[in-house]
>>> print(open('model13.txt').read())   # compact mmCIF, C-alpha atoms
# COMPACT_ATOMS: atom_id res chain seq x y z
CA MET Q 199 0.00 0.00 0.00
CA ASN Q 200 1.24 3.48 -0.62
CA ASN Q 201 1.48 6.33 1.79
CA GLN Q 202 -0.40 8.89 -0.30
CA TYR Q 203 -3.47 10.83 0.64
CA ASN Q 204 -6.58 9.84 -1.34
CA PRO Q 205 -8.71 12.97 -1.95
CA SER Q 206 -11.73 10.95 -3.07
CA ALA Q 207 -12.09 9.34 0.35
CA PHE Q 208 -11.16 11.93 2.95
CA ASN Q 209 -12.44 9.91 5.86
CA ALA Q 210 -10.67 6.74 4.77
CA TYR Q 211 -7.18 6.89 6.24
CA PRO Q 212 -4.82 5.16 3.81
CA SER Q 213 -2.47 2.48 4.98
CA PRO Q 214 1.22 3.34 5.22
CA PRO Q 215 3.56 1.99 2.55
CA PHE Q 216 4.86 -0.85 4.70
CA PRO Q 217 2.51 -2.76 7.03
CA PRO Q 218 3.57 -3.16 10.64
CA PRO Q 219 5.00 -6.47 11.79
CA GLN Q 220 2.41 -9.13 12.55
CA ALA Q 221 3.10 -8.96 16.23
CA ASN Q 222 1.11 -7.87 19.24
CA PHE Q 223 3.48 -6.53 21.87
CA GLN Q 224 2.14 -7.08 25.39
CA PHE Q 225 3.70 -7.48 28.79
CA PRO Q 226 3.74 -11.24 29.38
CA VAL Q 227 2.27 -12.88 32.48
CA PRO Q 228 2.65 -16.44 33.72
CA PHE Q 229 0.32 -18.95 32.08
CA GLY Q 230 -3.09 -18.83 33.74
CA ALA Q 231 -2.31 -15.65 35.68
CA ALA Q 232 -4.37 -12.50 35.43
CA PRO Q 233 -2.76 -9.60 33.55
CA PHE Q 234 -0.95 -7.04 35.71
CA TYR Q 235 -2.09 -3.47 35.09
CA GLY Q 236 0.10 -1.65 37.62
CA TYR Q 237 -2.42 -1.51 40.51
CA ASN Q 238 -1.03 -2.11 43.99
CA PRO Q 239 -3.74 -3.18 46.52
CA PRO Q 240 -3.69 -1.60 50.00
CA PRO Q 241 -1.67 -3.45 52.65
CA PRO Q 242 -3.61 -5.78 54.96
CA PRO Q 243 -4.68 -4.38 58.37
CA PRO Q 244 -2.21 -4.91 61.23
CA PRO Q 245 -2.88 -7.97 63.39
CA VAL Q 246 -4.96 -7.39 66.55
CA ARG Q 247 -3.34 -8.52 69.73
CA LYS Q 248 -5.51 -11.09 71.46
CA THR Q 249 -6.39 -10.07 75.06
CA GLY Q 250 -9.18 -10.74 77.49
CA ARG Q 251 -12.66 -9.91 76.17
CA GLY Q 252 -13.58 -7.70 79.15
CA LYS Q 253 -10.35 -5.75 78.98
CA SER Q 254 -10.74 -5.11 75.25
CA ALA Q 255 -14.28 -3.81 75.74
CA LEU Q 256 -13.10 -1.45 78.48
CA ILE Q 257 -10.36 -0.06 76.25
CA CYS Q 258 -12.80 0.52 73.41
CA VAL Q 259 -15.34 2.30 75.65
CA SER Q 260 -12.79 4.49 77.33
CA GLY Q 261 -11.29 5.34 73.97
CA ALA Q 262 -14.68 6.33 72.55
CA VAL Q 263 -15.40 8.56 75.58
CA SER Q 264 -12.04 10.25 75.18
CA ILE Q 265 -12.72 10.97 71.52
CA ILE Q 266 -16.15 12.45 72.31
CA LEU Q 267 -14.70 14.72 75.01
CA VAL Q 268 -11.95 15.96 72.72
CA ALA Q 269 -14.47 16.66 69.95
CA VAL Q 270 -16.69 18.66 72.35
CA ILE Q 271 -13.74 20.71 73.56
CA LEU Q 272 -12.62 21.47 70.02
CA PHE Q 273 -16.17 22.41 68.99
CA ILE Q 274 -16.48 24.86 71.94
CA THR Q 275 -13.08 26.47 71.35
CA ALA Q 276 -13.90 26.85 67.67
CA GLY Q 277 -16.98 28.96 68.41
CA GLY Q 278 -19.54 26.32 67.73
CA VAL Q 279 -21.81 27.28 70.65
CA ALA Q 280 -23.82 30.39 71.47
CA VAL Q 281 -22.27 33.66 70.32
CA LYS Q 282 -23.69 37.13 69.77
CA GLY Q 283 -26.54 36.94 67.29
CA LYS Q 284 -28.31 33.91 65.97
CA PRO Q 285 -25.95 31.58 64.02
CA LYS Q 286 -26.85 30.84 60.35
CA THR Q 287 -27.96 27.27 59.92
CA VAL Q 288 -28.92 25.15 56.92
CA PRO Q 289 -32.72 25.27 56.74
CA ASP Q 290 -34.51 22.10 57.55
CA VAL Q 291 -36.68 20.52 54.90
CA HIS Q 292 -39.67 21.54 57.00
CA ASP Q 293 -38.71 25.25 57.03
CA ASP Q 294 -40.66 27.74 54.99
CA GLU Q 295 -39.72 27.39 51.28
CA SER Q 296 -39.56 31.16 50.75
CA SER Q 297 -36.78 31.56 53.31
CA TYR Q 298 -34.80 28.75 51.65
CA ALA Q 299 -35.14 30.42 48.21
CA GLU Q 300 -34.04 33.76 49.66
CA GLU Q 301 -30.90 32.25 51.16
CA TYR Q 302 -29.79 29.98 48.30
CA SER Q 303 -31.32 31.07 44.96
CA LEU Q 304 -29.04 32.20 42.02
CA PRO Q 305 -29.18 35.82 40.80
CA SER Q 306 -31.40 36.30 37.78
CA ALA Q 307 -29.88 36.76 34.26
CA PRO Q 308 -29.27 40.42 33.30
CA SER Q 309 -31.35 42.08 30.60
CA VAL Q 310 -28.70 43.13 28.04
CA LYS Q 311 -28.77 44.22 24.39
CA PRO Q 312 -25.91 44.87 21.93
CA ASP Q 313 -24.25 48.18 22.76
CA VAL Q 314 -21.94 50.06 20.38
CA ASN Q 315 -20.36 51.66 23.45
CA GLY Q 316 -19.96 48.35 25.24
CA PRO Q 317 -16.60 47.11 26.55
CA GLN Q 318 -14.05 45.79 24.02
CA ILE Q 319 -11.03 43.49 24.27
CA SER Q 320 -7.65 43.97 22.61
CA SER Q 321 -4.31 42.20 22.31
CA VAL Q 322 -1.35 43.05 24.48
CA GLU Q 323 2.09 43.82 23.13
CA THR Q 324 3.95 40.56 22.53
CA ASP Q 325 7.54 40.05 23.56
CA GLU Q 326 9.56 39.45 20.38
CA VAL Q 327 12.23 37.43 22.19
CA GLN Q 328 12.07 33.76 21.10
CA SER Q 329 13.59 30.65 22.57
CA ASP Q 330 16.39 29.00 20.65
CA GLU Q 331 14.12 26.06 19.80
CA THR Q 332 11.42 28.33 18.37
CA ARG Q 333 13.92 30.39 16.42
CA ILE Q 334 15.49 27.27 14.89
CA ALA Q 335 12.07 25.88 13.92
CA ASN Q 336 11.08 29.18 12.31
CA GLU Q 337 14.32 29.36 10.34
CA VAL Q 338 14.05 25.75 9.18
CA TYR Q 339 10.54 26.30 7.89
CA SER Q 340 11.35 29.58 6.13
CA ASN Q 341 14.46 28.05 4.50
CA VAL Q 342 12.93 24.79 3.28
CA SER Q 343 9.15 25.15 2.88
CA GLU Q 344 9.43 26.74 -0.58
CA SER Q 345 11.48 23.74 -1.73
CA VAL Q 346 8.76 21.22 -0.83
CA VAL Q 347 5.98 20.63 -3.37
CA CYS Q 348 2.71 18.71 -3.54
CA ILE Q 349 2.52 15.93 -6.15
CA THR Q 350 -0.85 14.69 -7.44
CA SER Q 351 -0.71 11.48 -9.45
CA TYR Q 352 -3.10 10.29 -12.16
CA LYS Q 353 -3.34 6.82 -13.61
CA SER Q 354 -1.46 6.17 -16.84
CA GLY Q 355 -0.93 9.14 -19.10
CA LYS Q 356 -2.03 12.74 -19.08
CA ASP Q 357 -5.81 12.54 -18.86
CA TYR Q 358 -6.24 14.95 -15.96
CA THR Q 359 -10.02 14.69 -16.08
CA LEU Q 360 -9.62 11.39 -14.24
CA ASP Q 361 -9.84 11.14 -10.48
CA ALA Q 362 -6.46 11.45 -8.82
CA LEU Q 363 -4.73 8.32 -7.56
CA GLY Q 364 -3.39 10.22 -4.59
CA GLU Q 365 -1.27 13.10 -3.32
CA GLY Q 366 2.22 13.09 -1.91
CA SER Q 367 5.22 15.37 -1.48
CA GLY Q 368 8.44 16.13 -3.32
CA ILE Q 369 11.66 18.14 -2.93
CA ILE Q 370 13.01 20.61 -5.50
CA ILE Q 371 16.61 19.64 -6.28
CA THR Q 372 17.44 21.98 -9.20
CA GLU Q 373 16.41 25.52 -10.11
CA ASP Q 374 15.05 24.37 -13.49
CA GLY Q 375 12.52 21.90 -12.10
CA TYR Q 376 13.98 18.52 -11.17
CA ILE Q 377 12.11 17.11 -8.17
CA ALA Q 378 12.90 14.09 -5.97
CA THR Q 379 10.10 12.02 -4.46
CA ASN Q 380 9.14 8.44 -3.58
CA SER Q 381 8.50 5.90 -6.30
CA HIS Q 382 5.22 4.90 -4.66
CA VAL Q 383 4.00 8.52 -4.85
CA VAL Q 384 3.96 8.12 -8.66
CA ASP Q 385 2.50 4.62 -8.49
CA ASP Q 386 5.87 2.98 -9.23
CA SER Q 387 5.62 3.77 -12.94
CA THR Q 388 7.08 6.29 -15.37
CA LYS Q 389 3.75 6.24 -17.22
CA THR Q 390 1.85 7.86 -14.34
CA GLY Q 391 0.56 11.39 -14.95
CA VAL Q 392 1.62 13.99 -12.37
CA MET Q 393 0.63 17.52 -11.41
CA VAL Q 394 3.08 19.50 -9.26
CA THR Q 395 1.88 22.33 -7.00
CA LEU Q 396 4.45 24.73 -5.58
CA SER Q 397 4.22 26.34 -2.14
CA ASN Q 398 2.83 29.50 -3.84
CA ASP Q 399 0.01 27.36 -5.35
CA LYS Q 400 1.38 27.61 -8.88
CA GLN Q 401 0.83 24.34 -10.77
CA TYR Q 402 2.80 22.50 -13.45
CA LEU Q 403 2.35 19.32 -15.45
CA GLY Q 404 5.26 16.99 -14.74
CA THR Q 405 7.15 14.20 -16.49
CA ILE Q 406 8.58 11.23 -14.60
CA VAL Q 407 12.25 10.92 -15.52
CA GLY Q 408 12.95 7.64 -13.75
CA ILE Q 409 12.03 5.38 -10.85
CA ASP Q 410 13.81 2.89 -8.60
CA VAL Q 411 11.33 0.64 -6.81
CA LYS Q 412 13.96 -1.08 -4.66
CA THR Q 413 14.92 2.18 -2.95
CA ASP Q 414 11.44 3.73 -3.44
CA LEU Q 415 12.83 6.84 -5.17
CA ALA Q 416 11.76 8.72 -8.30
CA VAL Q 417 12.60 11.91 -10.19
CA ILE Q 418 10.06 14.28 -11.78
CA LYS Q 419 10.76 17.21 -14.12
CA ILE Q 420 8.61 20.32 -14.56
CA ASP Q 421 9.15 23.23 -16.96
CA ALA Q 422 10.04 25.99 -14.48
CA LYS Q 423 12.86 28.41 -13.70
CA ASN Q 424 14.45 30.01 -10.63
CA LEU Q 425 12.96 27.58 -8.14
CA LYS Q 426 14.08 27.44 -4.51
CA VAL Q 427 16.45 24.46 -4.22
CA ALA Q 428 16.84 22.42 -1.04
CA SER Q 429 20.34 21.67 0.24
CA PHE Q 430 21.32 18.15 1.31
CA ALA Q 431 23.41 17.22 4.34
CA ASP Q 432 25.78 14.28 4.82
CA SER Q 433 23.50 11.66 6.40
CA ASP Q 434 26.49 9.67 7.66
CA LYS Q 435 26.97 12.41 10.28
CA ILE Q 436 23.47 12.12 11.74
CA LYS Q 437 23.39 11.51 15.49
CA VAL Q 438 20.60 9.89 17.48
CA GLY Q 439 18.85 12.53 19.56
CA GLN Q 440 19.41 15.50 17.28
CA GLN Q 441 16.42 17.60 16.28
CA ALA Q 442 14.52 16.61 13.14
CA PHE Q 443 11.81 18.48 11.23
CA ALA Q 444 9.43 17.03 8.63
CA ILE Q 445 7.83 19.25 5.96
CA GLY Q 446 5.27 17.87 3.55
CA ASN Q 447 1.59 17.53 2.77
CA PRO Q 448 -0.10 15.28 5.35
CA GLY Q 449 -3.62 14.70 4.13
CA GLY Q 450 -2.68 16.08 0.72
CA SER Q 451 -2.99 19.62 -0.61
CA ALA Q 452 -5.61 20.55 1.98
CA PHE Q 453 -2.81 20.61 4.58
CA SER Q 454 0.11 21.56 2.33
CA ASN Q 455 3.47 22.63 3.71
CA SER Q 456 2.84 21.41 7.23
CA MET Q 457 5.82 21.05 9.56
CA THR Q 458 6.21 18.63 12.44
CA GLN Q 459 9.21 18.24 14.65
CA GLY Q 460 10.87 15.68 16.86
CA SER Q 461 14.23 13.97 16.92
CA VAL Q 462 16.26 11.27 15.23
CA SER Q 463 15.25 8.11 17.08
CA ALA Q 464 17.67 5.68 15.40
CA VAL Q 465 19.70 5.12 12.25
CA ASN Q 466 20.37 2.14 9.97
CA ARG Q 467 16.92 0.62 10.43
CA VAL Q 468 16.02 -2.24 8.04
CA LEU Q 469 12.32 -2.49 7.15
CA ASP Q 470 11.88 -4.62 4.06
CA SER Q 471 14.30 -5.89 1.45
CA GLY Q 472 17.47 -4.48 2.97
CA TYR Q 473 18.32 -2.12 0.11
CA ILE Q 474 17.80 0.86 2.45
CA LYS Q 475 19.07 1.54 5.99
CA TYR Q 476 16.46 4.06 7.15
CA ILE Q 477 16.54 6.99 9.56
CA GLN Q 478 13.92 6.52 12.28
CA THR Q 479 12.23 9.65 13.65
CA ASP Q 480 9.39 10.54 16.00
CA ALA Q 481 8.50 13.64 13.98
CA ALA Q 482 4.92 12.98 12.84
CA ILE Q 483 4.81 11.28 9.40
CA ASN Q 484 1.33 10.86 7.91
CA PRO Q 485 -0.17 9.78 4.56
CA GLY Q 486 0.79 12.53 2.11
CA ASN Q 487 4.17 13.17 3.79
CA SER Q 488 5.81 10.60 1.51
CA GLY Q 489 8.46 12.21 -0.66
CA GLY Q 490 8.80 15.20 1.66
CA ALA Q 491 11.85 16.41 3.53
CA LEU Q 492 13.32 15.35 6.86
CA ILE Q 493 15.52 18.27 7.91
CA ASN Q 494 18.23 19.02 10.48
CA GLU Q 495 18.67 22.16 12.62
CA GLN Q 496 20.68 23.83 9.86
CA GLY Q 497 17.78 23.62 7.41
CA GLN Q 498 19.43 20.86 5.36
CA VAL Q 499 17.67 17.75 4.08
CA ILE Q 500 18.87 14.62 5.86
CA GLY Q 501 16.31 12.27 4.32
CA ILE Q 502 13.14 11.74 2.29
CA ASN Q 503 10.17 10.69 4.44
CA THR Q 504 8.86 7.36 3.22
CA ALA Q 505 7.09 5.17 5.75
CA LYS Q 506 5.61 4.83 9.22
CA LEU Q 507 4.55 2.00 11.47
CA ALA Q 508 0.78 2.42 11.64
CA ALA Q 509 -1.03 0.37 14.27
CA VAL Q 510 -2.82 0.96 17.54
CA GLU Q 511 0.18 -0.37 19.46
CA PHE Q 512 2.71 1.91 17.71
CA GLU Q 513 3.23 5.63 17.95
CA GLY Q 514 5.87 8.05 16.67
CA MET Q 515 7.74 5.64 14.39
CA GLY Q 516 8.43 7.25 11.03
CA PHE Q 517 11.19 6.40 8.56
CA ALA Q 518 13.19 8.36 5.99
CA ILE Q 519 15.63 7.40 3.23
CA PRO Q 520 19.04 8.90 4.17
CA SER Q 521 20.18 11.85 2.07
CA ASN Q 522 23.37 10.12 0.89
CA THR Q 523 21.29 7.30 -0.60
CA VAL Q 524 18.94 9.86 -2.16
CA ILE Q 525 21.84 11.72 -3.79
CA ASP Q 526 23.34 8.54 -5.24
CA ILE Q 527 20.09 7.14 -6.65
CA VAL Q 528 18.58 10.44 -7.86
CA ASN Q 529 21.73 11.41 -9.78
CA LYS Q 530 21.62 8.08 -11.63
CA LEU Q 531 17.90 8.43 -12.36
CA ILE Q 532 18.50 11.86 -13.89
CA LYS Q 533 21.25 10.44 -16.10
CA TYR Q 534 19.83 7.08 -17.12
CA GLY Q 535 16.21 6.84 -15.91
CA TYR Q 536 17.06 3.73 -13.88
CA ILE Q 537 19.94 2.32 -11.84
CA ASN Q 538 22.33 1.15 -14.50
CA ASP Q 539 25.15 -0.17 -12.32
CA ARG Q 540 23.39 -2.48 -9.86
CA GLY Q 541 24.68 -6.01 -10.22
CA THR Q 542 22.56 -9.02 -9.35
CA LEU Q 543 22.70 -12.81 -9.23
CA GLY Q 544 19.13 -13.15 -10.47
CA ILE Q 545 18.02 -15.16 -7.45
CA GLU Q 546 15.59 -14.84 -4.57
CA GLY Q 547 16.21 -15.96 -1.02
CA LYS Q 548 15.67 -15.62 2.70
CA SER Q 549 17.87 -15.43 5.76
CA CYS Q 550 18.99 -18.63 7.42
CA THR Q 551 18.82 -17.41 11.00
CA LEU Q 552 20.90 -18.47 13.98
CA TYR Q 553 17.95 -20.49 15.28
CA MET Q 554 17.55 -22.30 11.94
CA SER Q 555 21.28 -22.92 11.96
CA LYS Q 556 21.37 -24.41 15.46
CA ALA Q 557 18.14 -26.37 15.08
CA ASN Q 558 19.12 -28.01 11.76
CA GLY Q 559 22.89 -28.19 12.00
CA ILE Q 560 23.43 -25.94 8.97
CA PRO Q 561 25.44 -22.71 8.58
CA GLN Q 562 23.93 -19.21 8.64
CA GLY Q 563 23.65 -17.39 5.34
CA MET Q 564 21.12 -16.67 2.62
CA MET Q 565 19.03 -19.65 1.59
CA ILE Q 566 18.14 -19.61 -2.12
CA THR Q 567 14.39 -19.95 -2.72
CA ARG Q 568 14.37 -19.32 -6.48
CA ILE Q 569 16.88 -19.24 -9.33
CA ARG Q 570 15.59 -17.26 -12.31
CA SER Q 571 16.22 -18.43 -15.86
CA GLU Q 572 18.52 -15.47 -16.59
CA SER Q 573 20.63 -16.07 -13.47
CA PRO Q 574 24.31 -16.97 -13.98
CA LEU Q 575 23.75 -19.66 -11.32
CA ALA Q 576 21.22 -21.44 -13.54
CA SER Q 577 24.04 -23.22 -15.41
CA THR Q 578 25.96 -24.26 -12.27
CA ASP Q 579 25.56 -26.94 -9.60
CA VAL Q 580 23.82 -24.47 -7.28
CA LYS Q 581 20.28 -25.56 -6.44
CA LYS Q 582 17.22 -24.27 -4.64
CA ASN Q 583 17.62 -24.46 -0.82
CA ASP Q 584 21.41 -24.16 -1.09
CA ILE Q 585 22.86 -21.55 1.28
CA ILE Q 586 25.27 -18.78 0.25
CA ILE Q 587 27.70 -18.43 3.18
CA ALA Q 588 30.40 -16.14 1.70
CA ILE Q 589 31.11 -13.77 -1.20
CA ASN Q 590 34.78 -13.29 -2.10
CA GLY Q 591 35.69 -14.44 1.39
CA GLU Q 592 33.25 -12.13 3.21
CA ILE Q 593 30.97 -14.06 5.56
CA ILE Q 594 27.23 -13.86 4.78
CA LYS Q 595 24.77 -14.46 7.66
CA SER Q 596 21.55 -13.01 6.24
CA SER Q 597 19.88 -11.70 3.10
CA VAL Q 598 20.71 -8.15 4.28
CA ASP Q 599 24.41 -9.10 4.43
CA MET Q 600 24.04 -10.48 0.90
CA ILE Q 601 22.60 -7.21 -0.44
CA ASP Q 602 25.23 -5.11 1.36
CA GLU Q 603 28.01 -7.18 -0.14
CA LEU Q 604 26.60 -7.16 -3.68
CA LYS Q 605 26.40 -3.35 -3.57
CA LYS Q 606 30.19 -3.31 -3.83
CA TYR Q 607 30.08 -4.82 -7.32
CA LYS Q 608 28.75 -3.87 -10.73
CA PRO Q 609 27.34 -5.82 -13.66
CA ASP Q 610 29.97 -8.04 -15.39
CA ASP Q 611 32.09 -8.21 -12.21
CA THR Q 612 33.10 -11.78 -11.34
CA ILE Q 613 32.55 -12.92 -7.77
CA LYS Q 614 33.30 -16.19 -5.96
CA LEU Q 615 30.48 -17.71 -3.91
CA LYS Q 616 30.92 -20.23 -1.12
CA ILE Q 617 27.88 -22.52 -1.12
CA TYR Q 618 26.59 -25.01 1.43
CA HIS Q 619 24.46 -27.79 -0.02
CA PRO Q 620 22.35 -29.46 2.71
CA SER Q 621 21.79 -33.21 2.66
CA SER Q 622 18.56 -34.60 1.29
CA SER Q 623 16.93 -37.99 0.89
CA GLY Q 624 18.91 -40.70 -0.81
CA SER Q 625 22.66 -40.55 -1.23
CA ASP Q 626 22.80 -36.73 -1.55
CA LYS Q 627 25.14 -35.74 1.27
CA ALA Q 628 25.79 -32.29 2.69
CA ARG Q 629 28.78 -30.55 1.14
CA THR Q 630 30.43 -27.15 0.75
CA PHE Q 631 31.79 -25.94 -2.59
CA GLU Q 632 32.72 -22.73 -4.42
CA VAL Q 633 31.53 -21.31 -7.71
CA SER Q 634 32.60 -18.20 -9.66
CA VAL Q 635 29.97 -16.28 -11.62
CA LYS Q 636 29.62 -12.99 -13.46
CA LEU Q 637 26.98 -10.55 -12.17
CA ILE Q 638 24.23 -9.37 -14.52
CA GLU Q 639 22.51 -5.98 -14.66
CA ASP Q 640 19.49 -5.59 -12.40
CA SER Q 641 16.67 -4.61 -14.74
CA ASP Q 642 13.75 -5.15 -12.34
CA ASN Q 643 12.99 -1.43 -12.12
CA GLN Q 644 12.87 -0.68 -15.82
CA ASP Q 645 9.40 -0.04 -17.29
>>> encode(input="model13.txt", output="structure tokens")
Amino acid sequence: MNNQYNPSAFNAYPSPPFPPPQANFQFPVPFGAAPFYGYNPPPPPPPVRKTGRGKSALICVSGAVSIILVAVILFITAGGVAVKGKPKTVPDVHDDESSYAEEYSLPSAPSVKPDVNGPQISSVETDEVQSDETRIANEVYSNVSESVVCITSYKSGKDYTLDALGEGSGIIITEDGYIATNSHVVDDSTKTGVMVTLSNDKQYLGTIVGIDVKTDLAVIKIDAKNLKVASFADSDKIKVGQQAFAIGNPGGSAFSNSMTQGSVSAVNRVLDSGYIKYIQTDAAINPGNSGGALINEQGQVIGINTAKLAAVEFEGMGFAIPSNTVIDIVNKLIKYGYINDRGTLGIEGKSCTLYMSKANGIPQGMMITRIRSESPLASTDVKKNDIIIAINGEIIKSSVDMIDELKKYKPDDTIKLKIYHPSSSGSDKARTFEVSVKLIEDSDNQD
């Protein structure tokens, strides 16, 4: 599901781009025990010393008499007996009703009409001194808001009489109209029609230059000049805890150029395939924010807002593609329209976890679940369910490790794989072997 705002169903809140994990986080209790909700019952009463019955009764009576005497003394000293004048008492239910109304009735409502000379209110003079936090937020918004646009997508082509697919955000990256956004904002296709609305409400028809579904990035071009360009920071220097600001269009154009703020909650988060190590933030990210800017205190873009964990149990968990990844991918999309130097083995797989390894007596790595016909491994001894445990001597323990290692190489590069073949029925015994193959170009994202 995408993270766009759907203007045709305002009350239907769209799902975020990546669904939350299928897990229900609760505080566990022992089996059969009642859940603990943090309530501490009062302590039990102190034990009563057992004495003779007559003696206990005497103590209780004497104690009660003492309490009554003390109460009478306090009442007298407090002026509770006869003083000058008759004391005011609460009327008894048998008293005359008129006297009760006189003592306790509310005043009647005034008879008032509009009066041109009536009293007026006015504002007081406001102190212009701002806190550092407020000043920084104001400067960030004034520096970046003009560089964030609203993107409305239309299905296939340029028939703008159709209902919009949705609305998202984008960031101006050149003065002459190149705009970076998420691939899912443009429906993961270069054939999608787009309308771009600037912060001053001026609108342009756009052309999608290129998309990369694996990193969820896209580039749009509009015919414009002298646009306000956003500056990008080095995302490798981001620190957990630093301030973060999100500017975009939550809910679409109806709430354009909204800013939320929070902090960087974590870095290098893996959500899906492993192609991106996301920035996690608690700045509010909502449907329509996708493609917008995550910004540091200096007013520089540190990421493109992309996803959030959306469930009753989760709150304040938004994710952004780091700016260094954005720069690398967007520059290639502008040049080629797709990522032309991403090498691949043409296989699919899943992680062989530590538990799987210990439980089955097999090594950790990436277990192959499918070998495509175009894969260089198709003509080798490598089979489905084999496990890749190393690439050029680098240990592989998961599919994320596999992706990270393959990023170092380009199409036509030769790599050596270390493969573990598990035993199966019959005489097929477990064995480890090596195979050298040449990477092919990853064309999955080409239309």
>>> residues_around(input="model13.txt", residues="Asn336 (chain Q)", least_positions_apart="3", cutoff="12 Å", atoms="all atoms listed in the file", output="PyMOL selection string")
chain Q and resi 328-333+339-343+443+457-459+495-497
>>> residues_around(input="model13.txt", residues="Ser351 (chain Q)", least_positions_apart="5", cutoff="8 Å", atoms="all atoms listed in the file", output="list in words")
Ala362, Leu363, Gly364, Glu365, Val383, Val384, Asp385, Thr390, Gly391, Val392 and Met393 of chain Q
>>> residues_near_point(input="model13.txt", point="(2.6, 24.1, -9.5)", cutoff="12 Å", atoms="only C-alpha atoms", output="VMD selection string")
chain Q and resid 344 to 350 368 370 375 377 392 to 404 419 to 423 425 451
>>> closest_residue(input="model13.txt", among="Q:Pro520, Q:Val310, Q:Leu531, Q:Gly450", to="Ser381 (chain Q)", atoms="only C-alpha atoms")
Q:Leu531
>>> atom_distance(input="model13.txt", atom1="CA of Asn590 (chain Q)", atom2="CA of Lys412 (chain Q)")
24.3 Å
>>> residues_around(input="model13.txt", residues="Glu603 (chain Q)", least_positions_apart="6", cutoff="10 Å", atoms="all atoms listed in the file", output="PyMOL selection string")
chain Q and resi 588-590+592-594+597
>>> atom_distance(input="model13.txt", atom1="CA of Val411 (chain Q)", atom2="CA of Gln441 (chain Q)")
29.1 Å
>>> residues_around(input="model13.txt", residues="Asp480 (chain Q)", least_positions_apart="3", cutoff="12 Å", atoms="all atoms listed in the file", output="VMD selection string")
chain Q and resid 438 to 444 458 to 464 477 483 to 484 492 503 505 to 507 512 to 518
>>> write_last_selection(input="model13.txt", atoms="C-alpha atoms", output="compact mmCIF listing (two decimals), keeping the file's coordinate frame")
# COMPACT_ATOMS: atom_id res chain seq x y z
CA VAL Q 438 20.60 9.89 17.48
CA GLY Q 439 18.85 12.53 19.56
CA GLN Q 440 19.41 15.50 17.28
CA GLN Q 441 16.42 17.60 16.28
CA ALA Q 442 14.52 16.61 13.14
CA PHE Q 443 11.81 18.48 11.23
CA ALA Q 444 9.43 17.03 8.63
CA THR Q 458 6.21 18.63 12.44
CA GLN Q 459 9.21 18.24 14.65
CA GLY Q 460 10.87 15.68 16.86
CA SER Q 461 14.23 13.97 16.92
CA VAL Q 462 16.26 11.27 15.23
CA SER Q 463 15.25 8.11 17.08
CA ALA Q 464 17.67 5.68 15.40
CA ILE Q 477 16.54 6.99 9.56
CA ILE Q 483 4.81 11.28 9.40
CA ASN Q 484 1.33 10.86 7.91
CA LEU Q 492 13.32 15.35 6.86
CA ASN Q 503 10.17 10.69 4.44
CA ALA Q 505 7.09 5.17 5.75
CA LYS Q 506 5.61 4.83 9.22
CA LEU Q 507 4.55 2.00 11.47
CA PHE Q 512 2.71 1.91 17.71
CA GLU Q 513 3.23 5.63 17.95
CA GLY Q 514 5.87 8.05 16.67
CA MET Q 515 7.74 5.64 14.39
CA GLY Q 516 8.43 7.25 11.03
CA PHE Q 517 11.19 6.40 8.56
CA ALA Q 518 13.19 8.36 5.99
>>> closest_residue(input="model13.txt", among="Q:Gln498, Q:Ser488, Q:Thr551, Q:Thr388", to="Gly563 (chain Q)", atoms="all atoms listed in the file")
Q:Thr551
>>> closest_residue(input="model13.txt", among="Q:Leu637, Q:Ser387, Q:Ala307, Q:Pro312", to="Ser573 (chain Q)", atoms="all atoms listed in the file")
Q:Leu637
>>> residues_near_point(input="model13.txt", point="(23.0, -21.0, 3.1)", cutoff="12 Å", atoms="only C-alpha atoms", output="ChimeraX atom specification")
/Q:547-552,554-555,558-567,580-589,593-597,600,615-620,628-631
>>> closest_residue(input="model13.txt", among="Q:Glu323, Q:Pro574, Q:Leu415, Q:Ala482", to="Ile527 (chain Q)", atoms="only C-alpha atoms")
Q:Leu415
>>> atom_distance(input="model13.txt", atom1="CA of Tyr536 (chain Q)", atom2="CA of Ala428 (chain Q)")
22.7 Å
>>> closest_residue(input="model13.txt", among="Q:Glu639, Q:Asp602, Q:Asp414, Q:Asp611", to="Val528 (chain Q)", atoms="all atoms listed in the file")
Q:Asp414
>>> axis_aligned_box(input="model13.txt", around="region 479-492 of chain Q", padding_each_side="3 Å", output="JSON")
{"center_x": 6.6, "center_y": 13.0, "center_z": 7.7, "size_x": 19.5, "size_y": 12.8, "size_z": 22.7}
